[in-house]
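Peer 1: File model.cif follows (mmCIF, N, CA and C atoms):
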data_structure
#
loop_
_atom_site.label_atom_id
_atom_site.label_comp_id
_atom_site.auth_asym_id
_atom_site.auth_seq_id
_atom_site.Cartn_x
_atom_site.Cartn_y
_atom_site.Cartn_z
N MET A 1 -95.74 109.00 190.58
CA MET A 1 -96.24 108.09 189.57
C MET A 1 -97.58 108.58 189.00
N ARG A 2 -98.39 109.17 189.84
CA ARG A 2 -99.69 109.66 189.37
C ARG A 2 -99.54 110.84 188.43
N ILE A 3 -98.50 111.66 188.63
CA ILE A 3 -98.30 112.81 187.75
C ILE A 3 -97.93 112.34 186.33
N VAL A 4 -97.19 111.25 186.24
CA VAL A 4 -96.84 110.70 184.93
C VAL A 4 -98.10 110.20 184.23
N ALA A 5 -98.96 109.51 184.97
CA ALA A 5 -100.21 109.03 184.39
C ALA A 5 -101.09 110.21 183.95
N LEU A 6 -101.08 111.28 184.71
CA LEU A 6 -101.86 112.46 184.33
C LEU A 6 -101.33 113.07 183.04
N ILE A 7 -100.03 113.16 182.93
CA ILE A 7 -99.43 113.72 181.71
C ILE A 7 -99.74 112.82 180.51
N ILE A 8 -99.68 111.49 180.72
CA ILE A 8 -99.99 110.56 179.64
C ILE A 8 -101.43 110.72 179.18
N MET A 9 -102.33 111.06 180.10
CA MET A 9 -103.74 111.24 179.73
C MET A 9 -104.03 112.62 179.14
N VAL A 10 -103.28 113.63 179.53
CA VAL A 10 -103.57 115.00 179.09
C VAL A 10 -103.16 115.23 177.63
N ILE A 11 -102.01 114.70 177.23
CA ILE A 11 -101.52 114.96 175.87
C ILE A 11 -102.48 114.43 174.80
N PRO A 12 -102.94 113.17 174.85
CA PRO A 12 -103.92 112.73 173.85
C PRO A 12 -105.26 113.45 173.98
N GLY A 13 -105.62 113.87 175.19
CA GLY A 13 -106.85 114.64 175.38
C GLY A 13 -106.78 115.99 174.68
N VAL A 14 -105.63 116.62 174.75
CA VAL A 14 -105.43 117.91 174.07
C VAL A 14 -105.46 117.71 172.55
N LEU A 15 -104.84 116.64 172.08
CA LEU A 15 -104.87 116.36 170.63
C LEU A 15 -106.29 116.09 170.15
N ALA A 16 -107.08 115.37 170.94
CA ALA A 16 -108.47 115.12 170.56
C ALA A 16 -109.26 116.43 170.55
N GLY A 17 -109.01 117.30 171.51
CA GLY A 17 -109.68 118.60 171.54
C GLY A 17 -109.31 119.45 170.33
N TYR A 18 -108.05 119.40 169.92
CA TYR A 18 -107.61 120.14 168.73
C TYR A 18 -108.27 119.56 167.48
N GLY A 19 -108.46 118.24 167.46
CA GLY A 19 -109.15 117.62 166.34
C GLY A 19 -110.59 118.08 166.23
N ILE A 20 -111.26 118.21 167.37
CA ILE A 20 -112.63 118.72 167.37
C ILE A 20 -112.66 120.16 166.87
N LYS A 21 -111.66 120.96 167.27
CA LYS A 21 -111.59 122.36 166.81
C LYS A 21 -111.40 122.42 165.30
N LEU A 22 -110.55 121.55 164.75
CA LEU A 22 -110.34 121.55 163.30
C LEU A 22 -111.61 121.16 162.55
N MET A 23 -112.33 120.18 163.06
CA MET A 23 -113.58 119.78 162.41
C MET A 23 -114.63 120.88 162.50
N ARG A 24 -114.71 121.55 163.64
CA ARG A 24 -115.66 122.65 163.81
C ARG A 24 -115.33 123.81 162.88
N ASP A 25 -114.02 124.14 162.77
CA ASP A 25 -113.61 125.22 161.87
C ASP A 25 -113.94 124.89 160.42
N MET A 26 -113.87 123.63 160.04
CA MET A 26 -114.21 123.25 158.68
C MET A 26 -115.70 123.49 158.42
N LEU A 27 -116.53 123.19 159.42
CA LEU A 27 -117.97 123.41 159.22
C LEU A 27 -118.31 124.88 159.05
N PHE A 28 -117.53 125.76 159.68
CA PHE A 28 -117.76 127.19 159.54
C PHE A 28 -116.96 127.82 158.40
N GLY A 29 -116.18 127.01 157.69
CA GLY A 29 -115.43 127.50 156.54
C GLY A 29 -114.15 128.22 156.89
N ILE A 30 -113.57 127.96 158.03
CA ILE A 30 -112.32 128.60 158.45
C ILE A 30 -111.18 127.64 158.16
N LEU A 31 -110.30 128.03 157.26
CA LEU A 31 -109.19 127.17 156.86
C LEU A 31 -107.97 127.48 157.71
N GLN A 32 -107.42 126.47 158.35
CA GLN A 32 -106.22 126.62 159.18
C GLN A 32 -104.99 126.51 158.29
N PRO A 33 -103.87 127.18 158.65
CA PRO A 33 -102.69 127.26 157.77
C PRO A 33 -102.07 125.96 157.28
N PRO A 34 -101.89 124.91 158.06
CA PRO A 34 -101.16 123.77 157.47
C PRO A 34 -101.97 122.96 156.45
N PHE A 35 -103.24 123.24 156.29
CA PHE A 35 -104.08 122.44 155.39
C PHE A 35 -104.44 123.25 154.15
N PRO A 36 -104.26 122.64 152.95
CA PRO A 36 -104.59 123.38 151.72
C PRO A 36 -106.07 123.36 151.35
N ALA A 37 -106.85 122.42 151.92
CA ALA A 37 -108.27 122.32 151.57
C ALA A 37 -109.08 122.00 152.83
N LEU A 38 -110.35 122.38 152.80
CA LEU A 38 -111.21 122.16 153.97
C LEU A 38 -111.43 120.67 154.26
N TRP A 39 -111.57 119.86 153.22
CA TRP A 39 -111.81 118.45 153.46
C TRP A 39 -110.59 117.79 154.09
N MET A 40 -109.38 118.24 153.74
CA MET A 40 -108.17 117.71 154.37
C MET A 40 -108.11 118.09 155.84
N GLN A 41 -108.57 119.29 156.14
CA GLN A 41 -108.61 119.75 157.52
C GLN A 41 -109.58 118.89 158.33
N PHE A 42 -110.72 118.56 157.75
CA PHE A 42 -111.69 117.71 158.46
C PHE A 42 -111.12 116.31 158.69
N VAL A 43 -110.49 115.74 157.69
CA VAL A 43 -109.91 114.39 157.84
C VAL A 43 -108.80 114.40 158.89
N GLY A 44 -107.96 115.43 158.87
CA GLY A 44 -106.91 115.54 159.88
C GLY A 44 -107.48 115.68 161.28
N GLY A 45 -108.53 116.49 161.43
CA GLY A 45 -109.18 116.64 162.73
C GLY A 45 -109.84 115.36 163.19
N LEU A 46 -110.45 114.64 162.26
CA LEU A 46 -111.10 113.37 162.60
C LEU A 46 -110.07 112.35 163.06
N LEU A 47 -108.92 112.30 162.37
CA LEU A 47 -107.86 111.37 162.78
C LEU A 47 -107.30 111.72 164.15
N LEU A 48 -107.10 113.01 164.41
CA LEU A 48 -106.62 113.42 165.74
C LEU A 48 -107.63 113.07 166.82
N PHE A 49 -108.91 113.31 166.54
CA PHE A 49 -109.95 113.01 167.52
C PHE A 49 -110.04 111.52 167.81
N ILE A 50 -110.08 110.71 166.76
CA ILE A 50 -110.19 109.26 166.94
C ILE A 50 -108.95 108.71 167.63
N GLY A 51 -107.78 109.19 167.23
CA GLY A 51 -106.54 108.72 167.85
C GLY A 51 -106.46 109.07 169.32
N GLY A 52 -106.77 110.31 169.67
CA GLY A 52 -106.73 110.72 171.07
C GLY A 52 -107.76 110.01 171.92
N LEU A 53 -108.96 109.88 171.39
CA LEU A 53 -110.02 109.20 172.13
C LEU A 53 -109.72 107.72 172.33
N SER A 54 -109.20 107.07 171.30
CA SER A 54 -108.90 105.64 171.43
C SER A 54 -107.75 105.40 172.40
N PHE A 55 -106.77 106.31 172.43
CA PHE A 55 -105.66 106.15 173.38
C PHE A 55 -106.16 106.28 174.81
N VAL A 56 -106.96 107.29 175.08
CA VAL A 56 -107.50 107.48 176.43
C VAL A 56 -108.39 106.30 176.82
N ALA A 57 -109.24 105.85 175.92
CA ALA A 57 -110.13 104.73 176.22
C ALA A 57 -109.33 103.45 176.45
N GLY A 58 -108.30 103.21 175.66
CA GLY A 58 -107.47 102.03 175.84
C GLY A 58 -106.69 102.07 177.15
N PHE A 59 -106.23 103.25 177.52
CA PHE A 59 -105.50 103.42 178.78
C PHE A 59 -106.42 103.10 179.96
N ILE A 60 -107.62 103.63 179.93
CA ILE A 60 -108.57 103.39 181.03
C ILE A 60 -108.99 101.92 181.06
N PHE A 61 -109.23 101.32 179.89
CA PHE A 61 -109.63 99.91 179.84
C PHE A 61 -108.53 99.00 180.37
N ARG A 62 -107.29 99.26 179.98
CA ARG A 62 -106.18 98.44 180.46
C ARG A 62 -106.00 98.57 181.97
N ARG A 63 -106.12 99.79 182.48
CA ARG A 63 -106.01 99.99 183.93
C ARG A 63 -107.12 99.26 184.67
N ASP A 64 -108.33 99.36 184.18
CA ASP A 64 -109.45 98.68 184.84
C ASP A 64 -109.36 97.16 184.72
N SER A 65 -108.83 96.67 183.60
CA SER A 65 -108.72 95.21 183.47
C SER A 65 -107.64 94.66 184.39
N LYS A 66 -106.61 95.43 184.67
CA LYS A 66 -105.60 94.99 185.63
C LYS A 66 -106.17 94.92 187.04
N ARG A 67 -107.10 95.79 187.34
CA ARG A 67 -107.73 95.83 188.67
C ARG A 67 -108.97 94.96 188.75
N LYS A 68 -109.25 94.22 187.68
CA LYS A 68 -110.40 93.32 187.60
C LYS A 68 -111.74 94.04 187.81
N LYS A 69 -111.87 95.20 187.19
CA LYS A 69 -113.11 95.97 187.29
C LYS A 69 -113.89 95.98 185.98
N VAL A 70 -113.59 95.05 185.10
CA VAL A 70 -114.33 94.95 183.84
C VAL A 70 -115.20 93.69 183.88
N GLN A 71 -116.10 93.58 182.93
CA GLN A 71 -116.98 92.42 182.87
C GLN A 71 -116.18 91.16 182.58
N LYS A 72 -116.76 90.03 182.86
CA LYS A 72 -116.09 88.73 182.68
C LYS A 72 -115.64 88.52 181.24
N ARG A 73 -116.44 88.95 180.27
CA ARG A 73 -116.09 88.68 178.88
C ARG A 73 -114.88 89.49 178.41
N PHE A 74 -114.51 90.57 179.13
CA PHE A 74 -113.36 91.36 178.76
C PHE A 74 -112.10 90.99 179.54
N GLN A 75 -112.21 90.12 180.51
CA GLN A 75 -111.05 89.71 181.28
C GLN A 75 -110.26 88.67 180.50
N ARG A 76 -108.96 88.63 180.73
CA ARG A 76 -108.09 87.70 180.03
C ARG A 76 -108.15 86.33 180.64
#
Show this structure as structure tokens.

Peer 2:
Amino acid sequence: MRIVALIIMVIPGVLAGYGIKLMRDMLFGILQPPFPALWMQFVGGLLLFIGGLSFVAGFIFRRDSKRKKVQKRFQR
């Protein structure tokens, strides 16, 4: 069961890392093949980063709220 949870956490983490790489490449002027313009590459990287980060944060928050390790105002 823990290996499944690890895989669930690794995939969005890799996507967020790729998003950071796309944003960094845009700052240095390196255009990646699927994007026709640098600004599109930055927006795509930003969406990947925000999506991956929010999934990991939501996963951790849900797990902690089930175990009652969050503050009172976040408990259901």

Peer 1: If you apply the PyMOL selection byres ((chain A and resi 1-13) around 6.5) to this file, what residues do you get, as an NGL selection string?

Peer 2: :A and (14-18 or 51-53 or 56)

Peer 1: Around all the atoms of segment 35-38 of chain A listed in the file, draw an axis-aligned box and extend it by 5 Å on each of the six sides; I want its centre and edge lengths in Å to one decimal, as JSON.

Peer 2:
{"center_x": -107.3, "center_y": 122.0, "center_z": 153.8, "size_x": 18.2, "size_y": 12.7, "size_z": 14.9}

Peer 1: Separation of atom CA of Ile20 of chain A and atom N of Ser54 of chain A, in Å?

Peer 2: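 Computing the Euclidean distance for atom CA of Ile20 of chain A and atom N of Ser54 of chain A yields 12.8 Å.
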
Peer 1: Between atom C of Arg24 of chain A and atom CA of Gln41 of chain A, what is the distance, to one decimal in Å?

Peer 2: 9.5 Å

Peer 1: For Val43 of chain A, list every protein, DNA or RNA residue within 10 Å, evaluated using only C-alpha atoms, and leave out those in the same chain fewer than 6 positions away; present the list as a list of chain:residue names.

Peer 2: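 Residues meeting the cut-off are A:Gly19, A:Leu22, A:Met23, A:Met26, A:Phe49.
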
Peer 1: So how many Å separate atom CA of Phe42 of chain A and atom CA of Phe55 of chain A, to one decimal?

Peer 2: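 Here the two named atoms are 19.8 Å from each other.
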
Peer 1: Could you please write out, as a PDB file with N, CA and C atoms, keeping the file's coordinate frame, every residue of chain A that DSSP assigns to alpha helix (DSSP H)?

Peer 2:
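states.pdb written:
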ATOM      1  N   ARG A   2     -98.390 109.170 189.840  1.00  0.00           N
ATOM      2  CA  ARG A   2     -99.690 109.660 189.370  1.00  0.00           C
ATOM      3  C   ARG A   2     -99.540 110.840 188.430  1.00  0.00           C
ATOM      4  N   ILE A   3     -98.500 111.660 188.630  1.00  0.00           N
ATOM      5  CA  ILE A   3     -98.300 112.810 187.750  1.00  0.00           C
ATOM      6  C   ILE A   3     -97.930 112.340 186.330  1.00  0.00           C
ATOM      7  N   VAL A   4     -97.190 111.250 186.240  1.00  0.00           N
ATOM      8  CA  VAL A   4     -96.840 110.700 184.930  1.00  0.00           C
ATOM      9  C   VAL A   4     -98.100 110.200 184.230  1.00  0.00           C
ATOM     10  N   ALA A   5     -98.960 109.510 184.970  1.00  0.00           N
ATOM     11  CA  ALA A   5    -100.210 109.030 184.390  1.00  0.00           C
ATOM     12  C   ALA A   5    -101.090 110.210 183.950  1.00  0.00           C
ATOM     13  N   LEU A   6    -101.080 111.280 184.710  1.00  0.00           N
ATOM     14  CA  LEU A   6    -101.860 112.460 184.330  1.00  0.00           C
ATOM     15  C   LEU A   6    -101.330 113.070 183.040  1.00  0.00           C
ATOM     16  N   ILE A   7    -100.030 113.160 182.930  1.00  0.00           N
ATOM     17  CA  ILE A   7     -99.430 113.720 181.710  1.00  0.00           C
ATOM     18  C   ILE A   7     -99.740 112.820 180.510  1.00  0.00           C
ATOM     19  N   ILE A   8     -99.680 111.490 180.720  1.00  0.00           N
ATOM     20  CA  ILE A   8     -99.990 110.560 179.640  1.00  0.00           C
ATOM     21  C   ILE A   8    -101.430 110.720 179.180  1.00  0.00           C
ATOM     22  N   MET A   9    -102.330 111.060 180.100  1.00  0.00           N
ATOM     23  CA  MET A   9    -103.740 111.240 179.730  1.00  0.00           C
ATOM     24  C   MET A   9    -104.030 112.620 179.140  1.00  0.00           C
ATOM     25  N   VAL A  10    -103.280 113.630 179.530  1.00  0.00           N
ATOM     26  CA  VAL A  10    -103.570 115.000 179.090  1.00  0.00           C
ATOM     27  C   VAL A  10    -103.160 115.230 177.630  1.00  0.00           C
ATOM     28  N   ILE A  11    -102.010 114.700 177.230  1.00  0.00           N
ATOM     29  CA  ILE A  11    -101.520 114.960 175.870  1.00  0.00           C
ATOM     30  C   ILE A  11    -102.480 114.430 174.800  1.00  0.00           C
ATOM     31  N   PRO A  12    -102.940 113.170 174.850  1.00  0.00           N
ATOM     32  CA  PRO A  12    -103.920 112.730 173.850  1.00  0.00           C
ATOM     33  C   PRO A  12    -105.260 113.450 173.980  1.00  0.00           C
ATOM     34  N   GLY A  13    -105.620 113.870 175.190  1.00  0.00           N
ATOM     35  CA  GLY A  13    -106.850 114.640 175.380  1.00  0.00           C
ATOM     36  C   GLY A  13    -106.780 115.990 174.680  1.00  0.00           C
ATOM     37  N   VAL A  14    -105.630 116.620 174.750  1.00  0.00           N
ATOM     38  CA  VAL A  14    -105.430 117.910 174.070  1.00  0.00           C
ATOM     39  C   VAL A  14    -105.460 117.710 172.550  1.00  0.00           C
ATOM     40  N   LEU A  15    -104.840 116.640 172.080  1.00  0.00           N
ATOM     41  CA  LEU A  15    -104.870 116.360 170.630  1.00  0.00           C
ATOM     42  C   LEU A  15    -106.290 116.090 170.150  1.00  0.00           C
ATOM     43  N   ALA A  16    -107.080 115.370 170.940  1.00  0.00           N
ATOM     44  CA  ALA A  16    -108.470 115.120 170.560  1.00  0.00           C
ATOM     45  C   ALA A  16    -109.260 116.430 170.550  1.00  0.00           C
ATOM     46  N   GLY A  17    -109.010 117.300 171.510  1.00  0.00           N
ATOM     47  CA  GLY A  17    -109.680 118.600 171.540  1.00  0.00           C
ATOM     48  C   GLY A  17    -109.310 119.450 170.330  1.00  0.00           C
ATOM     49  N   TYR A  18    -108.050 119.400 169.920  1.00  0.00           N
ATOM     50  CA  TYR A  18    -107.610 120.140 168.730  1.00  0.00           C
ATOM     51  C   TYR A  18    -108.270 119.560 167.480  1.00  0.00           C
ATOM     52  N   GLY A  19    -108.460 118.240 167.460  1.00  0.00           N
ATOM     53  CA  GLY A  19    -109.150 117.620 166.340  1.00  0.00           C
ATOM     54  C   GLY A  19    -110.590 118.080 166.230  1.00  0.00           C
ATOM     55  N   ILE A  20    -111.260 118.210 167.370  1.00  0.00           N
ATOM     56  CA  ILE A  20    -112.630 118.720 167.370  1.00  0.00           C
ATOM     57  C   ILE A  20    -112.660 120.160 166.870  1.00  0.00           C
ATOM     58  N   LYS A  21    -111.660 120.960 167.270  1.00  0.00           N
ATOM     59  CA  LYS A  21    -111.590 122.360 166.810  1.00  0.00           C
ATOM     60  C   LYS A  21    -111.400 122.420 165.300  1.00  0.00           C
ATOM     61  N   LEU A  22    -110.550 121.550 164.750  1.00  0.00           N
ATOM     62  CA  LEU A  22    -110.340 121.550 163.300  1.00  0.00           C
ATOM     63  C   LEU A  22    -111.610 121.160 162.550  1.00  0.00           C
ATOM     64  N   MET A  23    -112.330 120.180 163.060  1.00  0.00           N
ATOM     65  CA  MET A  23    -113.580 119.780 162.410  1.00  0.00           C
ATOM     66  C   MET A  23    -114.630 120.880 162.500  1.00  0.00           C
ATOM     67  N   ARG A  24    -114.710 121.550 163.640  1.00  0.00           N
ATOM     68  CA  ARG A  24    -115.660 122.650 163.810  1.00  0.00           C
ATOM     69  C   ARG A  24    -115.330 123.810 162.880  1.00  0.00           C
ATOM     70  N   ASP A  25    -114.020 124.140 162.770  1.00  0.00           N
ATOM     71  CA  ASP A  25    -113.610 125.220 161.870  1.00  0.00           C
ATOM     72  C   ASP A  25    -113.940 124.890 160.420  1.00  0.00           C
ATOM     73  N   MET A  26    -113.870 123.630 160.040  1.00  0.00           N
ATOM     74  CA  MET A  26    -114.210 123.250 158.680  1.00  0.00           C
ATOM     75  C   MET A  26    -115.700 123.490 158.420  1.00  0.00           C
ATOM     76  N   LEU A  27    -116.530 123.190 159.420  1.00  0.00           N
ATOM     77  CA  LEU A  27    -117.970 123.410 159.220  1.00  0.00           C
ATOM     78  C   LEU A  27    -118.310 124.880 159.050  1.00  0.00           C
ATOM     79  N   LEU A  38    -110.350 122.380 152.800  1.00  0.00           N
ATOM     80  CA  LEU A  38    -111.210 122.160 153.970  1.00  0.00           C
ATOM     81  C   LEU A  38    -111.430 120.670 154.260  1.00  0.00           C
ATOM     82  N   TRP A  39    -111.570 119.860 153.220  1.00  0.00           N
ATOM     83  CA  TRP A  39    -111.810 118.450 153.460  1.00  0.00           C
ATOM     84  C   TRP A  39    -110.590 117.790 154.090  1.00  0.00           C
ATOM     85  N   MET A  40    -109.380 118.240 153.740  1.00  0.00           N
ATOM     86  CA  MET A  40    -108.170 117.710 154.370  1.00  0.00           C
ATOM     87  C   MET A  40    -108.110 118.090 155.840  1.00  0.00           C
ATOM     88  N   GLN A  41    -108.570 119.290 156.140  1.00  0.00           N
ATOM     89  CA  GLN A  41    -108.610 119.750 157.520  1.00  0.00           C
ATOM     90  C   GLN A  41    -109.580 118.890 158.330  1.00  0.00           C
ATOM     91  N   PHE A  42    -110.720 118.560 157.750  1.00  0.00           N
ATOM     92  CA  PHE A  42    -111.690 117.710 158.460  1.00  0.00           C
ATOM     93  C   PHE A  42    -111.120 116.310 158.690  1.00  0.00           C
ATOM     94  N   VAL A  43    -110.490 115.740 157.690  1.00  0.00           N
ATOM     95  CA  VAL A  43    -109.910 114.390 157.840  1.00  0.00           C
ATOM     96  C   VAL A  43    -108.800 114.400 158.890  1.00  0.00           C
ATOM     97  N   GLY A  44    -107.960 115.430 158.870  1.00  0.00           N
ATOM     98  CA  GLY A  44    -106.910 115.540 159.880  1.00  0.00           C
ATOM     99  C   GLY A  44    -107.480 115.680 161.280  1.00  0.00           C
ATOM    100  N   GLY A  45    -108.530 116.490 161.430  1.00  0.00           N
ATOM    101  CA  GLY A  45    -109.180 116.640 162.730  1.00  0.00           C
ATOM    102  C   GLY A  45    -109.840 115.360 163.190  1.00  0.00           C
ATOM    103  N   LEU A  46    -110.450 114.640 162.260  1.00  0.00           N
ATOM    104  CA  LEU A  46    -111.100 113.370 162.600  1.00  0.00           C
ATOM    105  C   LEU A  46    -110.070 112.350 163.060  1.00  0.00           C
ATOM    106  N   LEU A  47    -108.920 112.300 162.370  1.00  0.00           N
ATOM    107  CA  LEU A  47    -107.860 111.370 162.780  1.00  0.00           C
ATOM    108  C   LEU A  47    -107.300 111.720 164.150  1.00  0.00           C
ATOM    109  N   LEU A  48    -107.100 113.010 164.410  1.00  0.00           N
ATOM    110  CA  LEU A  48    -106.620 113.420 165.740  1.00  0.00           C
ATOM    111  C   LEU A  48    -107.630 113.070 166.820  1.00  0.00           C
ATOM    112  N   PHE A  49    -108.910 113.310 166.540  1.00  0.00           N
ATOM    113  CA  PHE A  49    -109.950 113.010 167.520  1.00  0.00           C
ATOM    114  C   PHE A  49    -110.040 111.520 167.810  1.00  0.00           C
ATOM    115  N   ILE A  50    -110.080 110.710 166.760  1.00  0.00           N
ATOM    116  CA  ILE A  50    -110.190 109.260 166.940  1.00  0.00           C
ATOM    117  C   ILE A  50    -108.950 108.710 167.630  1.00  0.00           C
ATOM    118  N   GLY A  51    -107.780 109.190 167.230  1.00  0.00           N
ATOM    119  CA  GLY A  51    -106.540 108.720 167.850  1.00  0.00           C
ATOM    120  C   GLY A  51    -106.460 109.070 169.320  1.00  0.00           C
ATOM    121  N   GLY A  52    -106.770 110.310 169.670  1.00  0.00           N
ATOM    122  CA  GLY A  52    -106.730 110.720 171.070  1.00  0.00           C
ATOM    123  C   GLY A  52    -107.760 110.010 171.920  1.00  0.00           C
ATOM    124  N   LEU A  53    -108.960 109.880 171.390  1.00  0.00           N
ATOM    125  CA  LEU A  53    -110.020 109.200 172.130  1.00  0.00           C
ATOM    126  C   LEU A  53    -109.720 107.720 172.330  1.00  0.00           C
ATOM    127  N   SER A  54    -109.200 107.070 171.300  1.00  0.00           N
ATOM    128  CA  SER A  54    -108.900 105.640 171.430  1.00  0.00           C
ATOM    129  C   SER A  54    -107.750 105.400 172.400  1.00  0.00           C
ATOM    130  N   PHE A  55    -106.770 106.310 172.430  1.00  0.00           N
ATOM    131  CA  PHE A  55    -105.660 106.150 173.380  1.00  0.00           C
ATOM    132  C   PHE A  55    -106.160 106.280 174.810  1.00  0.00           C
ATOM    133  N   VAL A  56    -106.960 107.290 175.080  1.00  0.00           N
ATOM    134  CA  VAL A  56    -107.500 107.480 176.430  1.00  0.00           C
ATOM    135  C   VAL A  56    -108.390 106.300 176.820  1.00  0.00           C
ATOM    136  N   ALA A  57    -109.240 105.850 175.920  1.00  0.00           N
ATOM    137  CA  ALA A  57    -110.130 104.730 176.220  1.00  0.00           C
ATOM    138  C   ALA A  57    -109.330 103.450 176.450  1.00  0.00           C
ATOM    139  N   GLY A  58    -108.300 103.210 175.660  1.00  0.00           N
ATOM    140  CA  GLY A  58    -107.470 102.030 175.840  1.00  0.00           C
ATOM    141  C   GLY A  58    -106.690 102.070 177.150  1.00  0.00           C
ATOM    142  N   PHE A  59    -106.230 103.250 177.520  1.00  0.00           N
ATOM    143  CA  PHE A  59    -105.500 103.420 178.780  1.00  0.00           C
ATOM    144  C   PHE A  59    -106.420 103.100 179.960  1.00  0.00           C
ATOM    145  N   ILE A  60    -107.620 103.630 179.930  1.00  0.00           N
ATOM    146  CA  ILE A  60    -108.570 103.390 181.030  1.00  0.00           C
ATOM    147  C   ILE A  60    -108.990 101.920 181.060  1.00  0.00           C
ATOM    148  N   PHE A  61    -109.230 101.320 179.890  1.00  0.00           N
ATOM    149  CA  PHE A  61    -109.630  99.910 179.840  1.00  0.00           C
ATOM    150  C   PHE A  61    -108.530  99.000 180.370  1.00  0.00           C
ATOM    151  N   ARG A  62    -107.290  99.260 179.980  1.00  0.00           N
ATOM    152  CA  ARG A  62    -106.180  98.440 180.460  1.00  0.00           C
ATOM    153  C   ARG A  62    -106.000  98.570 181.970  1.00  0.00           C
ATOM    154  N   ARG A  63    -106.120  99.790 182.480  1.00  0.00           N
ATOM    155  CA  ARG A  63    -106.010  99.990 183.930  1.00  0.00           C
ATOM    156  C   ARG A  63    -107.120  99.260 184.670  1.00  0.00           C
ATOM    157  N   ASP A  64    -108.330  99.360 184.180  1.00  0.00           N
ATOM    158  CA  ASP A  64    -109.450  98.680 184.840  1.00  0.00           C
ATOM    159  C   ASP A  64    -109.360  97.160 184.720  1.00  0.00           C
ATOM    160  N   SER A  65    -108.830  96.670 183.600  1.00  0.00           N
ATOM    161  CA  SER A  65    -108.720  95.210 183.470  1.00  0.00           C
ATOM    162  C   SER A  65    -107.640  94.660 184.390  1.00  0.00           C
ATOM    163  N   LYS A  66    -106.610  95.430 184.670  1.00  0.00           N
ATOM    164  CA  LYS A  66    -105.600  94.990 185.630  1.00  0.00           C
ATOM    165  C   LYS A  66    -106.170  94.920 187.040  1.00  0.00           C
TER     166      LYS A  66
END
